[in-house]
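The file run-v6.txt comes next; it holds compact mmCIF, C-alpha atoms.
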```
# COMPACT_ATOMS: atom_id res chain seq x y z
CA MET A 1 -60.76 -44.44 107.97
CA PRO A 2 -59.97 -40.75 108.69
CA ASP A 3 -57.63 -39.97 111.59
CA ASP A 4 -60.27 -37.91 113.43
CA VAL A 5 -62.94 -40.61 113.45
CA ARG A 6 -65.07 -40.83 116.59
CA LEU A 7 -66.99 -43.60 118.28
CA SER A 8 -70.74 -43.63 117.84
CA GLN A 9 -73.12 -43.13 120.75
CA ALA A 10 -73.99 -46.82 120.55
CA GLN A 11 -70.32 -47.78 120.84
CA VAL A 12 -69.82 -45.50 123.84
CA ALA A 13 -72.89 -47.04 125.49
CA GLU A 14 -71.52 -50.52 124.80
CA PHE A 15 -68.20 -49.59 126.38
CA ALA A 16 -70.06 -48.24 129.42
CA GLN A 17 -71.93 -51.52 129.87
CA ARG A 18 -69.32 -54.10 128.91
CA GLY A 19 -66.05 -52.29 129.63
CA PHE A 20 -64.46 -52.88 126.22
CA LEU A 21 -64.90 -52.44 122.48
CA LEU A 22 -63.35 -54.06 119.43
CA ILE A 23 -63.28 -51.71 116.44
CA PRO A 24 -62.64 -53.55 113.15
CA ARG A 25 -59.99 -52.26 110.75
CA ALA A 26 -59.24 -49.21 112.88
CA VAL A 27 -55.50 -49.25 112.09
CA PRO A 28 -54.48 -49.02 108.41
CA GLY A 29 -52.79 -52.02 106.86
CA GLU A 30 -49.59 -50.16 106.02
CA LEU A 31 -49.10 -49.28 109.70
CA VAL A 32 -49.73 -52.88 110.71
CA ALA A 33 -47.20 -54.05 108.12
CA ALA A 34 -44.58 -51.58 109.37
CA GLY A 35 -45.18 -52.62 112.96
CA THR A 36 -44.93 -56.27 112.01
CA ARG A 37 -41.48 -55.66 110.57
CA VAL A 38 -40.39 -54.10 113.86
CA ILE A 39 -41.66 -57.10 115.83
CA ASP A 40 -39.88 -59.41 113.38
CA GLY A 41 -36.67 -57.54 114.07
CA MET A 42 -37.05 -57.75 117.85
CA ALA A 43 -37.77 -61.46 117.65
CA GLU A 44 -34.72 -61.95 115.44
CA ARG A 45 -32.39 -60.04 117.76
CA ARG A 46 -33.84 -61.48 120.97
CA PRO A 47 -35.62 -64.67 119.99
CA PRO A 48 -37.73 -66.63 122.45
CA GLY A 49 -35.94 -69.69 123.78
CA PRO A 50 -36.58 -72.94 121.90
CA ASP A 51 -38.72 -74.23 124.76
CA VAL A 52 -40.83 -71.09 125.22
CA ARG A 53 -44.55 -71.68 124.86
CA GLY A 54 -47.34 -69.23 125.52
CA PRO A 55 -46.77 -65.51 126.14
CA HIS A 56 -43.45 -63.86 125.28
CA ASN A 57 -43.20 -60.08 125.71
CA TYR A 58 -41.09 -57.18 124.50
CA PHE A 59 -41.35 -53.82 126.30
CA PRO A 60 -39.49 -51.19 124.25
CA ALA A 61 -39.70 -47.46 124.93
CA ALA A 62 -42.14 -45.90 122.49
CA GLU A 63 -39.55 -43.41 121.24
CA ARG A 64 -37.30 -46.29 120.15
CA VAL A 65 -40.01 -47.99 118.08
CA PRO A 66 -41.87 -45.20 116.26
CA ALA A 67 -43.51 -47.69 113.89
CA LEU A 68 -45.13 -49.42 116.86
CA ALA A 69 -46.07 -46.16 118.59
CA ALA A 70 -47.74 -45.03 115.34
CA LEU A 71 -50.22 -47.90 115.62
CA LEU A 72 -51.88 -45.80 118.33
CA THR A 73 -50.77 -42.19 118.11
CA GLY A 74 -50.35 -42.05 114.32
CA SER A 75 -53.62 -43.74 113.40
CA PRO A 76 -57.37 -43.29 113.92
CA ALA A 77 -56.95 -45.31 117.13
CA TRP A 78 -55.97 -42.16 119.01
CA SER A 79 -59.12 -40.19 118.24
CA LEU A 80 -61.22 -43.28 118.88
CA ALA A 81 -59.69 -43.59 122.35
CA GLU A 82 -60.13 -39.89 123.07
CA SER A 83 -63.77 -40.06 122.09
CA LEU A 84 -64.20 -41.95 125.39
CA THR A 85 -62.25 -39.49 127.55
CA GLY A 86 -62.47 -36.17 125.70
CA PRO A 87 -60.38 -34.45 123.02
CA GLY A 88 -56.84 -33.64 124.13
CA THR A 89 -57.15 -35.52 127.43
CA LEU A 90 -54.82 -38.50 126.91
CA GLU A 91 -51.04 -38.69 127.30
CA ALA A 92 -49.06 -40.59 124.69
CA PRO A 93 -47.71 -43.71 126.43
CA GLY A 94 -43.97 -43.96 126.93
CA GLN A 95 -43.82 -47.72 126.58
CA VAL A 96 -45.11 -50.34 124.17
CA GLN A 97 -45.84 -54.01 124.86
CA ALA A 98 -45.44 -56.36 121.91
CA VAL A 99 -46.64 -59.81 122.91
CA LEU A 100 -46.39 -63.15 121.17
CA ASN A 101 -48.39 -66.22 122.15
CA ILE A 102 -46.46 -69.25 120.96
CA PRO A 103 -48.20 -72.58 120.37
CA PRO A 104 -48.76 -75.17 121.55
CA TYR A 105 -50.00 -73.62 124.77
CA PRO A 106 -53.17 -75.36 125.99
CA GLN A 107 -53.40 -73.26 129.17
CA GLN A 108 -56.79 -71.71 129.98
CA PRO A 109 -56.98 -68.93 132.55
CA GLY A 110 -58.84 -69.83 135.70
CA MET A 111 -59.58 -66.24 136.65
CA HIS A 112 -59.00 -62.61 135.78
CA HIS A 113 -56.45 -60.06 136.94
CA LEU A 114 -55.88 -56.32 136.96
CA ASP A 115 -52.61 -54.74 135.87
CA GLY A 116 -50.58 -52.58 138.23
CA PHE A 117 -49.27 -54.97 140.89
CA PRO A 118 -46.70 -54.90 142.41
CA ALA A 119 -46.79 -51.23 143.29
CA GLU A 120 -44.68 -48.47 141.77
CA PRO A 121 -41.60 -47.30 143.72
CA ASP A 122 -43.68 -44.54 145.35
CA GLY A 123 -46.15 -47.14 146.67
CA ARG A 124 -48.89 -46.29 144.17
CA PRO A 125 -50.43 -49.14 142.18
CA GLY A 126 -49.64 -48.94 138.47
CA THR A 127 -53.14 -47.90 137.47
CA PHE A 128 -53.95 -46.24 134.16
CA THR A 129 -57.04 -45.15 132.27
CA LEU A 130 -57.33 -47.33 129.22
CA LEU A 131 -55.77 -50.39 127.62
CA ALA A 132 -55.47 -49.98 123.86
CA GLY A 133 -54.55 -53.11 121.92
CA VAL A 134 -53.91 -53.58 118.21
CA LEU A 135 -54.24 -57.09 116.83
CA MET A 136 -51.18 -57.82 114.71
CA SER A 137 -52.35 -61.21 113.47
CA ASP A 138 -55.73 -62.70 112.65
CA GLN A 139 -57.35 -64.33 115.69
CA LEU A 140 -60.65 -65.50 114.30
CA ASP A 141 -61.04 -68.69 116.31
CA GLU A 142 -61.07 -69.24 120.04
CA ASP A 143 -58.05 -70.68 121.81
CA ALA A 144 -55.70 -69.10 119.27
CA GLY A 145 -53.78 -67.05 121.82
CA ASN A 146 -56.69 -64.66 122.31
CA LEU A 147 -57.02 -62.21 125.16
CA TRP A 148 -59.77 -63.25 127.59
CA VAL A 149 -61.99 -60.59 129.16
CA TRP A 150 -64.75 -60.71 131.77
CA PRO A 151 -67.46 -58.29 130.58
CA GLY A 152 -68.82 -55.82 133.10
CA THR A 153 -66.15 -56.43 135.72
CA HIS A 154 -65.00 -52.81 135.43
CA LEU A 155 -68.19 -51.93 137.31
CA THR A 156 -67.92 -54.82 139.77
CA HIS A 157 -64.34 -53.89 140.60
CA ALA A 158 -65.31 -50.27 141.22
CA ALA A 159 -68.09 -51.41 143.56
CA TYR A 160 -65.60 -53.66 145.38
CA PHE A 161 -63.19 -50.77 145.94
CA ARG A 162 -65.98 -48.49 147.10
CA GLU A 163 -66.90 -51.08 149.72
CA HIS A 164 -63.40 -52.10 150.80
CA GLY A 165 -61.42 -48.98 150.01
CA PRO A 166 -58.89 -48.41 147.22
CA ASP A 167 -55.98 -49.79 149.25
CA ALA A 168 -57.68 -53.19 148.94
CA PHE A 169 -56.09 -53.29 145.48
CA LEU A 170 -52.67 -53.89 147.00
CA ALA A 171 -54.03 -56.37 149.52
CA ALA A 172 -55.57 -58.38 146.68
CA GLY A 173 -52.31 -58.49 144.74
CA GLY A 174 -54.03 -57.71 141.45
CA TYR A 175 -56.73 -60.38 141.95
CA PRO A 176 -59.72 -58.74 143.66
CA PRO A 177 -62.14 -61.43 144.88
CA ILE A 178 -65.23 -60.45 142.91
CA PRO A 179 -67.94 -62.65 141.38
CA LEU A 180 -67.11 -63.33 137.74
CA PRO A 181 -69.40 -63.67 134.71
CA GLU A 182 -68.58 -65.97 131.83
CA PRO A 183 -65.43 -64.79 130.03
CA GLU A 184 -65.19 -63.89 126.35
CA GLN A 185 -62.25 -64.33 124.00
CA ILE A 186 -61.33 -61.37 121.79
CA ARG A 187 -61.51 -62.48 118.17
CA GLY A 188 -60.62 -60.32 115.20
CA ARG A 189 -58.25 -59.54 112.37
CA ALA A 190 -54.92 -57.76 112.13
CA GLY A 191 -55.58 -54.03 112.41
CA ASP A 192 -58.57 -54.35 114.72
CA LEU A 193 -58.43 -52.11 117.80
CA LEU A 194 -59.35 -53.15 121.33
CA LEU A 195 -60.23 -50.44 123.83
CA ALA A 196 -60.64 -51.76 127.36
CA HIS A 197 -61.22 -50.04 130.69
CA TYR A 198 -58.37 -50.40 133.15
CA LEU A 199 -60.74 -52.03 135.66
CA LEU A 200 -61.89 -54.73 133.22
CA GLY A 201 -60.73 -58.15 134.36
CA HIS A 202 -58.65 -59.90 131.71
CA ASN A 203 -56.01 -62.58 131.17
CA ILE A 204 -53.94 -64.28 128.49
CA GLY A 205 -55.49 -67.33 126.86
CA GLY A 206 -54.09 -70.54 125.49
CA ASN A 207 -53.02 -71.14 121.91
CA THR A 208 -53.86 -74.50 120.37
CA SER A 209 -53.63 -73.17 116.80
CA ARG A 210 -50.60 -73.51 114.56
CA ALA A 211 -49.88 -69.78 114.37
CA VAL A 212 -48.04 -67.43 116.74
CA ARG A 213 -50.55 -64.85 117.92
CA ARG A 214 -49.30 -61.24 117.93
CA ALA A 215 -50.66 -58.09 119.52
CA VAL A 216 -49.37 -54.70 120.62
CA TYR A 217 -50.68 -53.07 123.79
CA PHE A 218 -50.53 -49.54 125.15
CA ARG A 219 -51.35 -48.51 128.72
CA VAL A 220 -52.79 -45.04 128.34
CA LYS A 221 -53.40 -42.45 131.05
CA ARG A 222 -55.53 -39.38 131.12
CA THR A 223 -53.59 -36.28 132.09
CA GLY A 224 -53.69 -35.97 135.89
CA HIS A 225 -54.55 -39.62 136.47
CA ASP A 226 -51.84 -40.57 138.97
CA PRO A 227 -52.77 -38.30 141.90
CA ARG A 228 -56.39 -39.43 141.61
CA TRP A 229 -55.82 -43.20 141.51
CA ARG A 230 -57.78 -43.85 144.71
CA GLU A 231 -60.79 -41.97 143.40
CA PHE A 232 -60.46 -43.63 140.00
CA LEU A 233 -60.61 -47.15 141.46
CA GLN A 234 -63.96 -46.28 143.03
CA ASP A 235 -65.40 -44.17 140.20
CA PRO A 236 -64.92 -45.94 136.87
CA TRP A 237 -65.92 -42.85 134.85
CA LEU A 238 -63.61 -40.36 136.57
CA ASP A 239 -61.32 -40.25 133.50
CA TYR A 240 -64.12 -40.80 130.97
CA ASP A 241 -66.13 -37.65 130.30
CA ALA A 242 -68.00 -39.00 127.27
CA VAL A 243 -68.86 -42.29 128.93
CA ARG A 244 -70.11 -40.60 132.09
CA THR A 245 -72.52 -38.57 129.96
CA ALA A 246 -73.72 -41.70 128.16
CA ALA A 247 -73.96 -43.78 131.31
```
In structure tokens, how does this file's structure come out?
Amino acid sequence: MPDDVRLSQAQVAEFAQRGFLLIPRAVPGELVAAGTRVIDGMAERRPPGPDVRGPHNYFPAAERVPALAALLTGSPAWSLAESLTGPGTLEAPGQVQAVLNIPPYPQQPGMHHLDGFPAEPDGRPGTFTLLAGVLMSDQLDEDAGNLWVWPGTHLTHAAYFREHGPDAFLAAGGYPPIPLPEPEQIRGRAGDLLLAHYLLGHNIGGNTSRAVRRAVYFRVKRTGHDPRWREFLQDPWLDYDAVRTAA
């Protein structure tokens, strides 16, 4: 897959409607292998406790883990993400989240959440434009540590904040009381790319498989996002030029 690959019009329209996309084999296998070695090293140096089950996270600075940063900024994933917002519009994230989901973990999420609570030191919620996730292990079955998403809730959340005001985000503590559709579990193979709108409700799922589920996430902002966070919570396409045109 060339590094300057773009999403199709159908994919952009799907993102507009559902709030997320899974692009198969978007990240080359050699980058996934290099990133896997970095995660192996982190887990060896700072292993989860023997009783840890479910999610276990590492949050290194991107500059300290270039092999993980390259999963996004050194692969076709970057141009795929910018085909939603516009060429040259996104800022490379300064932090990486590498997450394990360790079995057995039979937990099932009862509801969704939004990232960004508690607030930043300046009082602003930790909003961003886009969640980009790279699957680092095969997750072909449900309840294998998959991410759960609630399709379309990016639009429902925006409508909620238009009605109640953007400061209702902080009052809700990351759990806006909106009606929820049936959730879906993200299933795919190592190297698949998830692009999800910030306002899409999501949560970590259980893992009843025998394998540790691995993924790497990036919280990506469009340049100039922070001062416009109130407007962004009410207008889901504020940061998304291509999607606004399609929608």
Legend entry - Nearby residues (all atoms listed in the file) at most 6 Å from stretch 208-223 of chain A, same-chain spacing under 6 positions excluded, as a PyMOL selection string: chain A and resi 89-91+93+96-106+128-137+143-145
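Counting only C-alpha atoms, A:Pro227 has the following residues at most 12 Å away, ignoring those fewer than 3 positions along the same chain: Asp122, Arg124, Pro125, Gly126, Thr127, Phe128, Lys221, Arg222, Thr223, Gly224, Arg230, Glu231, Phe232 and Leu233 of chain A.
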Inset, instruction - Please determine the residues with any atom at most 10 Å from (-42.5, -57.3, 114.0) (coordinates as given in the file, with only C-alpha atoms counting) and report them as an NGL selection string. - result: :A and (32-44 or 67-68 or 98 or 136 or 214-216)
Legend entry - Length of the atom CA of A:Gly206 to atom CA of A:Ile186 vector [Å]: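 Atom CA of A:Gly206 sits 12.3 Å away from atom CA of A:Ile186.
Between atom CA of A:Ala26 and atom CA of A:Gly88 lies a distance of 19.4 Å.
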Interface rows for stretch 51-114 of chain A against stretch 234-243 of chain A: nearest pair, Å to one decimal, 7 Å, only C-alpha atoms, as CSV:
```
residue,atom,partner,partner_atom,distance
A:Ser83,CA,A:Ala242,CA,6.8
A:Leu84,CA,A:Ala242,CA,5.2
A:Thr85,CA,A:Tyr240,CA,4.1
A:Gly86,CA,A:Asp241,CA,6.1
```
Legend entry - Counting only C-alpha atoms, the residue of A:Gly174, A:Gly191, A:Pro179, A:Gly152 that sits nearest A:Gln139: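 Going through A:Gly174, A:Gly191, A:Pro179, A:Gly152 one by one, the smallest distance to A:Gln139 is for A:Gly191.
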Inset, instruction - Would you mind reading off the distance between atom CA of A:Asp138 and atom CA of A:Pro48, one decimal, in Å? - result: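 Separation of atom CA of A:Asp138 and atom CA of A:Pro48: 20.9 Å.
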Could you pull out every residue with an atom within 9 Å of (-61.7, -57.1, 117.6), file coordinates, counting all atoms listed in the file, and send them as a compact mmCIF listing (two decimals) with C-alpha atoms, in the coordinates of the input?
```txt
# COMPACT_ATOMS: atom_id res chain seq x y z
CA LEU A 21 -64.90 -52.44 122.48
CA LEU A 22 -63.35 -54.06 119.43
CA ILE A 23 -63.28 -51.71 116.44
CA PRO A 24 -62.64 -53.55 113.15
CA ARG A 25 -59.99 -52.26 110.75
CA VAL A 134 -53.91 -53.58 118.21
CA LEU A 135 -54.24 -57.09 116.83
CA GLN A 139 -57.35 -64.33 115.69
CA ILE A 186 -61.33 -61.37 121.79
CA ARG A 187 -61.51 -62.48 118.17
CA GLY A 188 -60.62 -60.32 115.20
CA ARG A 189 -58.25 -59.54 112.37
CA ALA A 190 -54.92 -57.76 112.13
CA GLY A 191 -55.58 -54.03 112.41
CA ASP A 192 -58.57 -54.35 114.72
CA LEU A 193 -58.43 -52.11 117.80
CA LEU A 194 -59.35 -53.15 121.33
```
Inset, instruction - Show which residues sit within 8 Å of A:Leu80, as number ranges by chain. Count only C-alpha atoms, and ignore same-chain residues fewer than 3 positions away. - result: A: 4-7, 76-77, 83-84
Would you mind listing, for every residue of stretch 36-86 of chain A within 12 Å of stretch 201-204 of chain A, the two atoms forming the shortest contact and the distance between them in Å to one decimal, using all atoms listed in the file, sorted by chain and ascending residue number, as a tab-separated table?
```
residue	atom	partner	partner_atom	distance
A:Gly54	CA	A:Ile204	CA	8.8
A:Pro55	CA	A:Ile204	CA	7.6
A:His56	CA	A:Ile204	CA	11.0
A:Asn57	CA	A:Ile204	CA	11.9
```
Inset, instruction - May I have the residues within 10 Å of A:Phe20 as a PyMOL selection string, using all atoms listed in the file and disregarding those fewer than 6 positions away in the same chain? - result: chain A and resi 11-12+14+130-132+149-152+154+194-198+200
Inset, instruction - Tell me which of A:Gly94, A:Pro183, A:Gly110, A:Pro50 sits closest to A:Leu72, counting all atoms listed in the file. - result: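 That would be A:Gly94, the residue with the smallest distance to A:Leu72.
If you measure from each of A:Pro177, A:Pro87, A:Gly205, A:Pro121 to A:Glu142 using all atoms listed in the file, the closest one turns out to be A:Gly205.
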Inset, instruction - Go through A:Arg244, A:Leu170, A:Leu140, A:Ser79 one by one, measure the shortest atom-to-atom distance of each to A:Glu120 using all atoms listed in the file, and give the residue with the smallest value. - result: A:Leu170
Legend entry - From A:Pro66, A:Ala16, A:Asp3, A:Tyr160, residue lying nearest A:Thr245 [all atoms listed in the file]: A:Ala16
